[in-house]
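So this one's model-v3.csv, CSV, C-alpha atoms:
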```
chain,number,residue,atom,x,y,z
A,1,ALA,CA,-54.7,-18.6,-156.1
A,2,ARG,CA,-56.6,-21.2,-154.2
A,3,THR,CA,-56.3,-23.9,-151.7
A,4,VAL,CA,-59.0,-26.2,-153.0
A,5,SER,CA,-61.8,-23.9,-151.7
A,6,ASP,CA,-60.0,-20.8,-150.4
A,7,SER,CA,-58.0,-18.1,-152.2
A,8,GLN,CA,-55.1,-16.0,-151.1
A,9,SER,CA,-52.6,-13.8,-152.9
A,10,ASP,CA,-48.9,-14.5,-152.6
A,11,PRO,CA,-47.1,-11.5,-151.0
A,12,SER,CA,-44.7,-11.5,-153.9
A,13,GLY,CA,-47.5,-10.7,-156.2
A,14,SER,CA,-48.2,-14.1,-157.8
A,15,ASN,CA,-51.1,-16.2,-157.1
A,16,SER,CA,-50.7,-19.7,-155.7
A,17,SER,CA,-52.7,-22.8,-155.0
A,18,ASP,CA,-52.4,-25.5,-152.5
A,19,VAL,CA,-53.8,-28.8,-152.3
A,20,GLU,CA,-53.6,-31.8,-150.4
A,21,ASP,CA,-55.9,-32.7,-147.4
A,22,VAL,CA,-54.7,-35.3,-145.0
A,23,PRO,CA,-55.6,-38.9,-144.3
A,24,GLU,CA,-58.9,-40.0,-142.9
A,25,GLU,CA,-59.6,-39.5,-139.3
A,26,ALA,CA,-60.4,-42.3,-136.9
A,27,PRO,CA,-64.2,-42.7,-136.9
A,28,ALA,CA,-64.5,-42.5,-133.1
A,29,ALA,CA,-62.8,-39.1,-133.0
A,30,SER,CA,-63.8,-37.5,-136.2
A,31,ALA,CA,-66.9,-35.9,-134.8
A,32,GLU,CA,-65.2,-34.0,-132.0
A,33,ARG,CA,-62.5,-31.4,-132.7
A,34,ASP,CA,-61.0,-28.8,-130.5
A,35,SER,CA,-61.9,-25.3,-131.7
A,36,GLU,CA,-58.7,-23.6,-132.8
A,37,PRO,CA,-58.0,-19.9,-133.5
A,38,SER,CA,-55.8,-19.1,-136.4
A,39,LEU,CA,-52.5,-20.6,-135.3
A,40,ALA,CA,-50.5,-17.9,-137.1
A,41,ALA,CA,-51.8,-15.4,-134.5
A,42,THR,CA,-50.1,-17.2,-131.7
A,43,VAL,CA,-47.4,-19.5,-133.2
A,44,THR,CA,-44.6,-18.4,-135.6
A,45,HIS,CA,-43.0,-21.7,-136.3
A,46,LEU,CA,-43.9,-25.4,-136.7
A,47,GLY,CA,-40.7,-27.4,-136.8
A,48,ARG,CA,-38.3,-25.6,-139.2
A,49,PHE,CA,-41.2,-23.9,-141.0
A,50,ALA,CA,-42.1,-20.3,-140.4
A,51,LEU,CA,-45.8,-19.6,-140.7
A,52,LEU,CA,-46.6,-16.6,-143.0
A,53,GLU,CA,-50.3,-16.5,-143.3
A,54,HIS,CA,-53.5,-18.5,-143.0
A,55,LEU,CA,-54.8,-19.6,-146.4
A,56,GLY,CA,-57.9,-21.6,-145.6
A,57,LYS,CA,-59.7,-24.1,-143.4
A,58,GLY,CA,-61.3,-27.4,-144.4
A,59,GLY,CA,-62.9,-30.4,-142.7
A,60,MET,CA,-59.5,-32.0,-141.9
A,61,GLY,CA,-57.5,-29.0,-140.9
A,62,SER,CA,-56.1,-25.6,-141.7
A,63,VAL,CA,-53.7,-24.6,-144.4
A,64,TYR,CA,-51.0,-22.0,-144.0
A,65,ALA,CA,-48.4,-20.5,-146.3
A,66,ALA,CA,-45.0,-21.1,-144.8
A,67,TYR,CA,-41.3,-20.6,-145.5
A,68,ASP,CA,-38.7,-23.4,-145.3
A,69,ALA,CA,-35.5,-21.5,-144.5
A,70,GLU,CA,-33.4,-24.7,-144.6
A,71,LEU,CA,-34.2,-25.2,-148.3
A,72,ASP,CA,-35.2,-21.6,-149.1
A,73,ARG,CA,-38.6,-22.3,-150.5
A,74,ARG,CA,-42.2,-21.5,-149.9
A,75,VAL,CA,-44.5,-24.4,-148.9
A,76,ALA,CA,-48.1,-25.0,-148.1
A,77,LEU,CA,-48.4,-26.3,-144.5
A,78,LYS,CA,-51.5,-28.4,-143.6
A,79,LEU,CA,-52.2,-28.5,-139.9
A,80,LEU,CA,-54.5,-31.3,-138.8
A,81,HIS,CA,-57.3,-30.5,-136.4
A,82,ARG,CA,-56.5,-31.7,-132.8
A,83,LEU,CA,-59.0,-34.4,-131.8
A,84,LYS,CA,-60.6,-34.6,-128.4
A,85,GLY,CA,-59.9,-37.9,-126.8
A,86,SER,CA,-57.3,-38.9,-129.4
A,87,ASN,CA,-54.9,-41.5,-128.2
A,88,ALA,CA,-51.4,-42.6,-129.2
A,89,GLN,CA,-52.7,-45.4,-131.5
A,90,GLN,CA,-54.9,-42.9,-133.4
A,91,ARG,CA,-52.1,-40.5,-133.8
A,92,GLN,CA,-49.8,-43.2,-135.1
A,93,GLN,CA,-52.4,-44.3,-137.6
A,94,THR,CA,-52.8,-40.7,-138.8
A,95,LEU,CA,-49.0,-40.3,-139.2
A,96,ARG,CA,-48.7,-43.7,-140.9
A,97,GLU,CA,-51.3,-42.8,-143.5
A,98,ALA,CA,-49.9,-39.3,-144.1
A,99,ARG,CA,-46.5,-40.8,-144.6
A,100,ALA,CA,-47.9,-43.3,-147.1
A,101,VAL,CA,-49.3,-40.4,-149.1
A,102,ALA,CA,-45.9,-38.6,-148.9
A,103,ARG,CA,-44.2,-41.6,-150.5
A,104,ILE,CA,-46.2,-41.1,-153.7
A,105,SER,CA,-43.7,-39.6,-156.2
A,106,HIS,CA,-45.3,-38.8,-159.6
A,107,PRO,CA,-45.4,-35.7,-161.7
A,108,ASN,CA,-49.2,-35.7,-161.7
A,109,VAL,CA,-49.6,-35.9,-157.9
A,110,ILE,CA,-49.0,-33.0,-155.5
A,111,SER,CA,-45.6,-33.4,-153.8
A,112,VAL,CA,-45.6,-33.9,-150.0
A,113,TYR,CA,-42.2,-32.9,-148.6
A,114,GLU,CA,-42.5,-33.8,-144.9
A,115,VAL,CA,-44.9,-35.1,-142.3
A,116,GLY,CA,-44.1,-34.4,-138.7
A,117,GLU,CA,-45.2,-33.3,-135.2
A,118,SER,CA,-44.5,-30.2,-133.3
A,119,ASP,CA,-46.0,-29.2,-129.9
A,120,GLU,CA,-48.7,-31.9,-130.3
A,121,HIS,CA,-49.6,-30.7,-133.8
A,122,ILE,CA,-49.4,-33.0,-136.8
A,123,TYR,CA,-48.5,-31.1,-139.9
A,124,ILE,CA,-47.9,-31.9,-143.6
A,125,ALA,CA,-45.6,-29.7,-145.7
A,126,MET,CA,-46.6,-29.7,-149.3
A,127,GLU,CA,-45.7,-28.2,-152.7
A,128,TYR,CA,-46.9,-24.7,-153.1
A,129,VAL,CA,-48.4,-24.6,-156.6
A,130,ASP,CA,-48.8,-21.4,-158.6
A,131,GLY,CA,-52.0,-21.9,-160.6
A,132,GLU,CA,-55.7,-22.8,-160.3
A,133,THR,CA,-58.0,-25.7,-159.8
A,134,LEU,CA,-59.2,-27.7,-162.8
A,135,LYS,CA,-62.7,-26.5,-162.0
A,136,GLU,CA,-61.7,-22.9,-162.3
A,137,TRP,CA,-59.8,-23.6,-165.5
A,138,GLN,CA,-62.9,-25.3,-167.0
A,139,ARG,CA,-65.0,-22.2,-166.5
A,140,ARG,CA,-63.1,-20.4,-169.2
A,141,SER,CA,-64.9,-20.1,-172.5
A,142,GLY,CA,-63.4,-21.4,-175.8
A,143,LEU,CA,-61.9,-24.6,-174.4
A,144,GLY,CA,-62.1,-27.6,-176.7
A,145,TRP,CA,-63.0,-31.1,-175.5
A,146,ARG,CA,-59.6,-32.4,-176.5
A,147,GLN,CA,-57.9,-29.8,-174.2
A,148,ILE,CA,-60.2,-30.8,-171.3
A,149,LEU,CA,-59.7,-34.5,-172.0
A,150,GLU,CA,-55.9,-34.1,-171.9
A,151,MET,CA,-56.1,-32.6,-168.4
A,152,TYR,CA,-58.2,-35.5,-167.1
A,153,LEU,CA,-55.9,-38.0,-168.7
A,154,ALA,CA,-53.0,-36.4,-166.8
A,155,ALA,CA,-54.9,-36.5,-163.6
A,156,GLY,CA,-55.8,-40.1,-164.3
A,157,ALA,CA,-52.1,-41.0,-164.6
A,158,GLY,CA,-51.5,-39.6,-161.2
A,159,LEU,CA,-54.5,-41.4,-159.7
A,160,ALA,CA,-53.4,-44.7,-161.3
A,161,PHE,CA,-50.0,-44.5,-159.8
A,162,ALA,CA,-51.3,-43.6,-156.3
A,163,HIS,CA,-53.8,-46.5,-156.5
A,164,GLY,CA,-51.1,-48.8,-157.6
A,165,VAL,CA,-49.1,-48.2,-154.4
A,166,GLY,CA,-52.1,-48.7,-152.2
A,167,VAL,CA,-53.4,-45.2,-151.7
A,168,VAL,CA,-57.0,-44.7,-152.9
A,169,HIS,CA,-58.1,-41.1,-153.2
A,170,ARG,CA,-62.0,-41.5,-152.8
A,171,ASP,CA,-62.7,-37.8,-153.3
A,172,PHE,CA,-61.6,-37.1,-156.8
A,173,LYS,CA,-63.2,-34.0,-158.4
A,174,PRO,CA,-62.1,-30.9,-160.4
A,175,ASP,CA,-61.8,-28.9,-157.2
A,176,ASN,CA,-59.1,-31.4,-156.1
A,177,VAL,CA,-56.9,-31.1,-159.2
A,178,LEU,CA,-54.4,-28.3,-159.6
A,179,LEU,CA,-53.2,-26.9,-162.9
A,180,GLY,CA,-50.0,-25.0,-162.4
A,181,LYS,CA,-48.9,-22.1,-164.6
A,182,ASP,CA,-46.2,-24.5,-165.8
A,183,GLY,CA,-49.0,-26.4,-167.5
A,184,ARG,CA,-48.7,-29.5,-165.3
A,185,VAL,CA,-51.7,-31.2,-163.7
A,186,ARG,CA,-51.4,-32.4,-160.1
A,187,VAL,CA,-53.9,-34.4,-158.2
A,188,ALA,CA,-54.3,-33.0,-154.7
A,189,ASP,CA,-56.3,-33.3,-151.5
A,190,PHE,CA,-55.9,-36.9,-150.4
A,191,GLY,CA,-57.7,-36.1,-147.2
A,192,LEU,CA,-60.2,-39.0,-147.7
A,193,ALA,CA,-57.5,-41.4,-148.8
A,194,ARG,CA,-57.8,-45.1,-147.9
A,195,LEU,CA,-54.8,-47.4,-147.6
A,196,ASP,CA,-55.0,-50.7,-149.5
A,197,TRP,CA,-52.3,-52.7,-147.7
A,198,GLY,CA,-52.9,-55.6,-150.1
A,199,ALA,CA,-52.1,-53.6,-153.3
A,200,GLU,CA,-49.5,-55.0,-155.6
A,201,PRO,CA,-46.4,-52.9,-156.4
A,202,ALA,CA,-47.4,-50.4,-159.1
A,203,GLU,CA,-46.0,-50.6,-162.6
A,204,PRO,CA,-44.6,-47.3,-163.7
A,205,VAL,CA,-47.3,-45.0,-165.1
A,206,ALA,CA,-46.0,-42.4,-167.5
A,207,PRO,CA,-46.9,-38.8,-166.7
A,208,VAL,CA,-49.2,-37.0,-169.1
A,209,GLU,CA,-48.3,-33.5,-170.2
A,210,PRO,CA,-51.0,-31.4,-171.9
A,211,THR,CA,-50.4,-30.2,-175.4
A,212,LYS,CA,-51.3,-26.9,-176.9
A,213,GLN,CA,-53.7,-28.4,-179.4
A,214,GLU,CA,-56.8,-26.3,-180.1
A,215,VAL,CA,-60.1,-27.6,-181.3
```

Would you write the structure of this file as structure tokens?
Amino acid sequence: ARTVSDSQSDPSGSNSSDVEDVPEEAPAASAERDSEPSLAATVTHLGRFALLEHLGKGGMGSVYAAYDAELDRRVALKLLHRLKGSNAQQRQQTLREARAVARISHPNVISVYEVGESDEHIYIAMEYVDGETLKEWQRRSGLGWRQILEMYLAAGAGLAFAHGVGVVHRDFKPDNVLLGKDGRVRVADFGLARLDWGAEPAEPVAPVEPTKQEV
């Protein structure tokens, strides 16, 4: 199971993968971050989410496995790095961009359930995917080009929808695409997303489901 670049086993025995990074940081503050120990060692909850374990850390923040008791489900919780000298305007921009990503609803884009703040932390609760990255999947031998093409067409459908509603990914690569055990492709890690406020409303883009066709 992986979180874009880190792996962790689900306590229940199944492997899971998490995705999505968070919106781009303000340039003036991006170079300076507070050093943070693993939050799970000192904090047990963020909002209604119970932290279970630390899964990984990236350039934009840390990812934790968490439990949502209200809806009885496991989620991936992305915690943004706290920025030195950040101000209210920067925080509002970060929240606004994160919520824009959360409004994307498409089968081939990772689901973002909630964006919020707790004790000065900005967090993003996301879908917890049981599967692997597209890069890991491609390392297998015996895959035909048609199988690989189908996966990228599915990812492309998710990207097209996101771009149509004004969210530009800017860091698309196999490491940032998740393939669940259910066979569905999900574009993840919108951490370098840019908002295009002038985008026209998107036309519906049909999800692409991979077939079992062998070559």

Discussion item. Applying 9 Å and only C-alpha atoms, which residues near region 136-140 of chain A remain after dropping the ones on its own chain fewer than 6 positions away? List them as a PyMOL selection string.
Written reply: chain A and resi 148+174-175+179

Practice prompt. Could you tell me how far CA of Val101 (chain A) lies from CA of Gly116 (chain A), in Å and to one decimal?
Written response: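 That distance, rounded to one decimal, is 13.1 Å.
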
Discussion item. Taking only C-alpha atoms into account, name the residue in A:Ala88, A:Lys135, A:Ser111, A:Arg48 that is nearest to Ala69 (chain A).
Written reply: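 Checking each of A:Ala88, A:Lys135, A:Ser111, A:Arg48 against Ala69 (chain A), counting only C-alpha atoms, the winner is A:Arg48.
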
Practice prompt. Provide the CA of Arg186 (chain A) to CA of His169 (chain A) distance in Å, to one decimal place.
Written response: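 Separation of CA of Arg186 (chain A) and CA of His169 (chain A): 13.0 Å.
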
Discussion item. Please compute the CA of Val177 (chain A)-CA of Gln147 (chain A) distance, one decimal, in Å.
Written reply: 15.1 Å

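When all atoms listed in the file are used to compute distances to Arg103 (chain A), the closest of the residues A:Val115, A:Phe49, A:Gly131, A:Glu150 turns out to be A:Val115.
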
Fill in: Given all atoms listed in the file as the counted atoms, nearest of A:Lys181, A:His106, A:His121, A:Arg99 to Ser62 (chain A)
A:His121

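If all atoms listed in the file are the atoms counted, then among A:Leu143, A:Glu120, A:Leu52, A:Ala100 the closest residue to Val165 (chain A) is A:Ala100.
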
Discussion item. Using only C-alpha atoms for the distances, tell me which of A:Val185, A:Leu134, A:Ala125, A:His45 is nearest to Lys173 (chain A).
Written reply: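 Smallest separation from Lys173 (chain A) among the options: A:Leu134.
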
What's the 10 Å shell around Arg74 (chain A), counting all atoms listed in the file, without same-chain residues fewer than 6 positions away, as a PDB file with C-alpha atoms, in the frame of the given file?
```pdb
ATOM      1  CA  PHE A  49     -41.200 -23.900-141.000  1.00  0.00           C
ATOM      2  CA  ALA A  50     -42.100 -20.300-140.400  1.00  0.00           C
ATOM      3  CA  LEU A  52     -46.600 -16.600-143.000  1.00  0.00           C
ATOM      4  CA  ALA A  65     -48.400 -20.500-146.300  1.00  0.00           C
ATOM      5  CA  ALA A  66     -45.000 -21.100-144.800  1.00  0.00           C
ATOM      6  CA  TYR A  67     -41.300 -20.600-145.500  1.00  0.00           C
ATOM      7  CA  ASP A  68     -38.700 -23.400-145.300  1.00  0.00           C
ATOM      8  CA  ALA A 125     -45.600 -29.700-145.700  1.00  0.00           C
ATOM      9  CA  MET A 126     -46.600 -29.700-149.300  1.00  0.00           C
ATOM     10  CA  GLU A 127     -45.700 -28.200-152.700  1.00  0.00           C
ATOM     11  CA  TYR A 128     -46.900 -24.700-153.100  1.00  0.00           C
ATOM     12  CA  VAL A 129     -48.400 -24.600-156.600  1.00  0.00           C
TER      13      VAL A 129
END
```

Discussion item. Taking only C-alpha atoms into account, name the residue in A:Gly61, A:Leu153, A:Lys78, A:Ile110 that is nearest to Asn176 (chain A).
Written reply: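 Counting only C-alpha atoms, the residue closest to Asn176 (chain A) is A:Ile110.
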